[in-house]
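Visitor: Take this structure, written in structure tokens, and hold onto it; I'll ask about it next.
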Amino acid sequence: MTAWRLISLPASGFADVSCVLVDRRTVAEHPDEYQWLSPEERRACARLVVERRRADWLAGRLAAKVAVRRALGDAIELAEVSVAYAPGGRPLAVYQGHALRDLWLTISHSRGVGLAGVRCDGAPIGVDLEHSKAWFKGLAGYAMGATEQARLGVTSSPTAVLASWTLKEAALKALGSGLRVHPRRVEIKARYTADAGEAAWQVLTPAGRRESGRGWFCHDGEWIWAVASLGAAGRARRRRLAACGSPW
Ligand SMILES: CC(C)(COP(=O)(O)OP(=O)(O)OC[C@H]1O[C@@H](n2cnc3c(N)ncnc32)[C@H](O)[C@@H]1OP(=O)(O)O)[C@@H](O)C(=O)NCCC(=O)NCCS
């Protein structure tokens, strides 16, 4: 039996968040023709004909199921947990056919590696995972506003730019919009170090609403991943976000 990696989040404000990372080998070695998928998920998997997309999807699903199982209790079967989508595309954890609206689920994947986060108090979070080779020359110009670029400085390292990018994508997933809101609208304030750091973010949505939250990122040499939470959502607002899935 192979293991997945649980990511501990040392940052303040993430006490209720549990994150799981699985790699391609873990998915490949995980037993028996993907018996951990529900019958419906096995059919969905068979429809994914592009090998890369299938590997990513499987890694994301396995990470999501393990993260949800950790939140619900180790006795449940992975096949009893599945992932549905809220309007707008954000993932929703489902257990035995019932959507778990008080458990916020977020997924990212890249190159066959999957990262999932769940938050037990139902407040919105997002995760993002990038390979360190995902950096390209125009990324800072595409994703960062002038103030952010100036704050990073002209000698900004690829790691810092990628960390900012993962924080932005994680924030936009917490918001539920994904890239329908341009990443330049998300402003990140972080202290970029070589390996890990905390951040604050804010966004002005196209609808003119200001949202903000906290973030945390980590770099292990090969991968950079980030987790973002959305504001100090009140309970009623959290329910509304969970119900509509597209809050912006
Ligand atoms: C969400 C989004 C930012 C993901 O970007 P990515 O870097 O390609 O992919 P990641 O691996 O980090 O994340 C993928 C996961 O994000 C999740 N996701 C998709 N839409 C989401 C949304 N609106 N909010 C939160 N999470 C979302 C899904 O679980 C997806 O994994 P799955 O399809 O295997 O279940 C991007 O796909 C997006 O913006 N989608 C919505 C808008 C859209 O469809 N635009 C067309 C392309 S720009």
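Scheme for the structure tokens: letters A, B, ... for chains in order shown; per-chain residue numbers from 1; ligand numbers from 1 in order shown.
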Can you tell me, as an mmCIF file with C-alpha atoms, in the first residue's frame, what residues are no more than 10 Å from Leu204 (chain A) when counting only C-alpha atoms, ignoring any on the same chain fewer than 2 positions away?
Guide:
```cif
data_model
loop_
_atom_site.group_PDB
_atom_site.id
_atom_site.type_symbol
_atom_site.label_atom_id
_atom_site.label_comp_id
_atom_site.auth_asym_id
_atom_site.auth_seq_id
_atom_site.Cartn_x
_atom_site.Cartn_y
_atom_site.Cartn_z
ATOM 1 C CA VAL A 181 -11.722 36.911 -13.041
ATOM 2 C CA ARG A 184 -4.163 40.757 -12.374
ATOM 3 C CA ARG A 185 -7.240 41.818 -10.393
ATOM 4 C CA VAL A 186 -5.924 39.796 -7.447
ATOM 5 C CA GLU A 187 -3.273 41.674 -5.526
ATOM 6 C CA GLN A 202 -7.420 41.200 -2.182
ATOM 7 C CA PRO A 206 -15.766 42.802 -12.164
ATOM 8 C CA ALA A 207 -19.035 43.357 -10.263
ATOM 9 C CA GLY A 208 -17.220 45.938 -8.106
ATOM 10 C CA ARG A 209 -17.076 43.893 -4.907
ATOM 11 C CA ARG A 210 -13.950 43.874 -2.792
ATOM 12 C CA GLU A 211 -12.918 40.524 -1.346
ATOM 13 C CA SER A 212 -9.828 39.605 0.583
ATOM 14 C CA TRP A 248 -18.730 37.105 -7.761
#
```
Visitor: To one decimal place, how far is CA of Ala194 (chain A) from CA of Gly231 (chain A) in Å?
Guide: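 One can read the CA of Ala194 (chain A) to CA of Gly231 (chain A) distance as 26.4 Å.
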Visitor: Give me every helix (DSSP H, G or I) residue in region 101-244 of chain A, going by DSSP on the backbone, as a ChimeraX atom specification.
Guide: /A:132-134,139-143,146-152,158-175,178-180,183-185,235-244
Visitor: Any chance you could tabulate, as a tab-separated table, the residues of chain A at most 7 Å from ligand 1 with each one's nearest atom pair and distance in Å to one decimal, using only C-alpha atoms and all ligand atoms, in chain and rising number order?
Guide:
```
residue	atom	partner	partner_atom_place_in_ligand_line	distance
A:Asp56	CA	ligand 1	34 (O)	6.7
A:Trp57	CA	ligand 1	34 (O)	4.4
A:Gly60	CA	ligand 1	34 (O)	5.7
A:Arg61	CA	ligand 1	34 (O)	6.9
A:Gly88	CA	ligand 1	23 (N)	4.9
A:Gly89	CA	ligand 1	20 (N)	3.9
A:Arg90	CA	ligand 1	25 (C)	3.7
A:Pro91	CA	ligand 1	29 (O)	4.7
A:Thr106	CA	ligand 1	26 (N)	6.0
A:Ile107	CA	ligand 1	29 (O)	4.7
A:Ser108	CA	ligand 1	11 (O)	3.6
A:His109	CA	ligand 1	11 (O)	3.8
A:Ser110	CA	ligand 1	11 (O)	5.8
A:Gly126	CA	ligand 1	25 (C)	6.8
A:Asp128	CA	ligand 1	12 (O)	4.9
A:Leu129	CA	ligand 1	12 (O)	6.0
A:Glu169	CA	ligand 1	3 (C)	5.7
A:Leu172	CA	ligand 1	24 (N)	6.8
A:Lys173	CA	ligand 1	25 (C)	3.6
A:Ala174	CA	ligand 1	25 (C)	6.2
A:Leu175	CA	ligand 1	24 (N)	6.8
A:Gly176	CA	ligand 1	24 (N)	3.7
A:Ser177	CA	ligand 1	23 (N)	4.3
A:Gly178	CA	ligand 1	39 (O)	3.5
A:Leu179	CA	ligand 1	39 (O)	3.4
A:Arg180	CA	ligand 1	42 (C)	5.1
```
Visitor: Determine which residues of region 111-156 of chain A receive a DSSP assignment of strand (DSSP E), computed from the backbone, and state them as a list in words.
Guide: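 So, restricting region 111-156 of chain A to strand (DSSP E), we get Val113, Gly114, Leu115, Ala116, Gly117, Val118, Arg119, Ile125, Gly126, Val127, Asp128, Leu129, Glu130 and His131 of chain A.
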Visitor: May I have the residues from that selection written out with N, CA and C atoms, as a short mmCIF file (atom, residue, chain, number, x, y, z; two decimals), in the first residue's frame?
Guide:
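Listing of result_14.cif after writing:
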```
data_model
loop_
_atom_site.label_atom_id
_atom_site.label_comp_id
_atom_site.auth_asym_id
_atom_site.auth_seq_id
_atom_site.Cartn_x
_atom_site.Cartn_y
_atom_site.Cartn_z
N VAL A 113 0.32 14.90 -10.69
CA VAL A 113 0.32 15.10 -9.23
C VAL A 113 -0.96 15.83 -8.85
N GLY A 114 -1.59 15.38 -7.77
CA GLY A 114 -2.87 15.98 -7.36
C GLY A 114 -2.77 16.58 -5.97
N LEU A 115 -3.43 17.71 -5.80
CA LEU A 115 -3.47 18.37 -4.49
C LEU A 115 -4.94 18.69 -4.20
N ALA A 116 -5.39 18.34 -3.00
CA ALA A 116 -6.76 18.68 -2.62
C ALA A 116 -6.75 19.25 -1.22
N GLY A 117 -7.66 20.17 -0.97
CA GLY A 117 -7.82 20.73 0.37
C GLY A 117 -9.28 20.67 0.76
N VAL A 118 -9.53 20.39 2.02
CA VAL A 118 -10.91 20.49 2.52
C VAL A 118 -10.89 21.38 3.76
N ARG A 119 -11.99 22.07 3.95
CA ARG A 119 -12.12 22.90 5.13
C ARG A 119 -13.42 22.53 5.83
N ILE A 125 -12.09 27.96 0.50
CA ILE A 125 -10.63 27.92 0.31
C ILE A 125 -10.33 27.50 -1.13
N GLY A 126 -9.11 27.73 -1.55
CA GLY A 126 -8.67 27.26 -2.86
C GLY A 126 -7.24 26.76 -2.75
N VAL A 127 -6.89 25.79 -3.60
CA VAL A 127 -5.49 25.36 -3.66
C VAL A 127 -5.00 25.45 -5.10
N ASP A 128 -3.72 25.60 -5.27
CA ASP A 128 -3.13 25.52 -6.60
C ASP A 128 -1.74 24.92 -6.52
N LEU A 129 -1.39 24.20 -7.55
CA LEU A 129 -0.13 23.45 -7.61
C LEU A 129 0.52 23.72 -8.96
N GLU A 130 1.77 24.07 -8.95
CA GLU A 130 2.50 24.28 -10.21
C GLU A 130 3.88 23.64 -10.13
N HIS A 131 4.34 23.10 -11.26
CA HIS A 131 5.72 22.62 -11.33
C HIS A 131 6.62 23.84 -11.48
#
```
Visitor: Which is closest to His98 (chain A) among A:Val81, A:Ala228, A:Ala163, A:Cys45, if we use only C-alpha atoms?
Guide: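 Closest to His98 (chain A), using only C-alpha atoms: A:Val81.
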Visitor: Report as CSV the residues of region 152-197 of chain A within 7 Å of region 133-144 of chain A, each with its shortest atom pair and distance in Å (one decimal), using only C-alpha atoms, ordered by chain and increasing residue number.
Guide:
```
residue,atom,partner,partner_atom,distance
A:Pro158,CA,A:Trp135,CA,6.1
A:Val161,CA,A:Ala140,CA,6.1
A:Leu162,CA,A:Trp135,CA,6.2
A:Trp165,CA,A:Ala143,CA,6.8
A:Pro183,CA,A:Ala143,CA,5.4
A:Arg184,CA,A:Ala143,CA,4.9
```
Visitor: Restricting the calculation to only C-alpha atoms: of A:Cys218, A:Ser229, A:Phe14, A:Trp223, which residue gets closest to Ala170 (chain A)?
Guide: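 Closest to Ala170 (chain A) of all the choices is A:Ser229.
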Visitor: Skipping near chain neighbours, those fewer than 2 positions away, what residues fall within 9 Å of Ser18 (chain A) using only C-alpha atoms, listed as an MDAnalysis selection string?
Guide: chainID A and resid 6:9 14:16 20 67:68 70:71 116:120
Visitor: Could you tell me which of A:Cys19, A:Ala190, A:Val27, A:Ala171 comes closest to Ala55 (chain A) if we count only C-alpha atoms?
Guide: A:Val27
Visitor: Would you list the contacts of Arg69 (chain A) as a list in words, taking every protein, DNA or RNA residue within 10 Å and counting only C-alpha atoms, but skipping same-chain residues closer than 5 positions in sequence?
Guide: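 Returned residues: Ala63, Ala64, Asp74, Ala75, Ile76, Glu77, Leu78, Glu80, Val81, Tyr95 and Val118 of chain A.
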Visitor: Would you mind exporting N, CA and C atoms of the selected residues as a short mmCIF file (atom, residue, chain, number, x, y, z; two decimals), in the first residue's frame?
Guide:
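To be explicit, this is the file written out as result_5.cif:
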```
data_model
loop_
_atom_site.label_atom_id
_atom_site.label_comp_id
_atom_site.auth_asym_id
_atom_site.auth_seq_id
_atom_site.Cartn_x
_atom_site.Cartn_y
_atom_site.Cartn_z
N ALA A 63 -6.61 12.53 -4.41
CA ALA A 63 -6.28 13.49 -3.34
C ALA A 63 -7.57 13.98 -2.67
N ALA A 64 -8.60 14.29 -3.49
CA ALA A 64 -9.86 14.80 -2.94
C ALA A 64 -10.53 13.76 -2.04
N ASP A 74 -11.93 7.69 9.06
CA ASP A 74 -11.18 6.72 8.26
C ASP A 74 -11.95 5.45 7.91
N ALA A 75 -13.13 5.25 8.53
CA ALA A 75 -13.85 3.99 8.29
C ALA A 75 -14.53 3.96 6.92
N ILE A 76 -14.72 5.10 6.30
CA ILE A 76 -15.50 5.10 5.05
C ILE A 76 -14.64 4.66 3.87
N GLU A 77 -15.32 4.14 2.83
CA GLU A 77 -14.62 3.68 1.62
C GLU A 77 -14.41 4.86 0.68
N LEU A 78 -13.25 4.87 0.01
CA LEU A 78 -12.99 5.96 -0.94
C LEU A 78 -14.04 6.01 -2.05
N GLU A 80 -17.10 5.61 -1.83
CA GLU A 80 -18.35 6.24 -1.38
C GLU A 80 -18.28 7.76 -1.49
N VAL A 81 -17.06 8.26 -1.66
CA VAL A 81 -16.88 9.71 -1.81
C VAL A 81 -16.74 10.01 -3.29
N TYR A 95 -20.91 12.46 -0.50
CA TYR A 95 -20.75 11.20 0.22
C TYR A 95 -22.03 10.40 0.11
N VAL A 118 -9.53 20.39 2.02
CA VAL A 118 -10.91 20.49 2.52
C VAL A 118 -10.89 21.38 3.76
#
```
Visitor: What is the distance, in Å and to one decimal place, between CA of Pro39 (chain A) and CA of Gly122 (chain A)?
Guide: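 These two atoms are separated by 27.2 Å.
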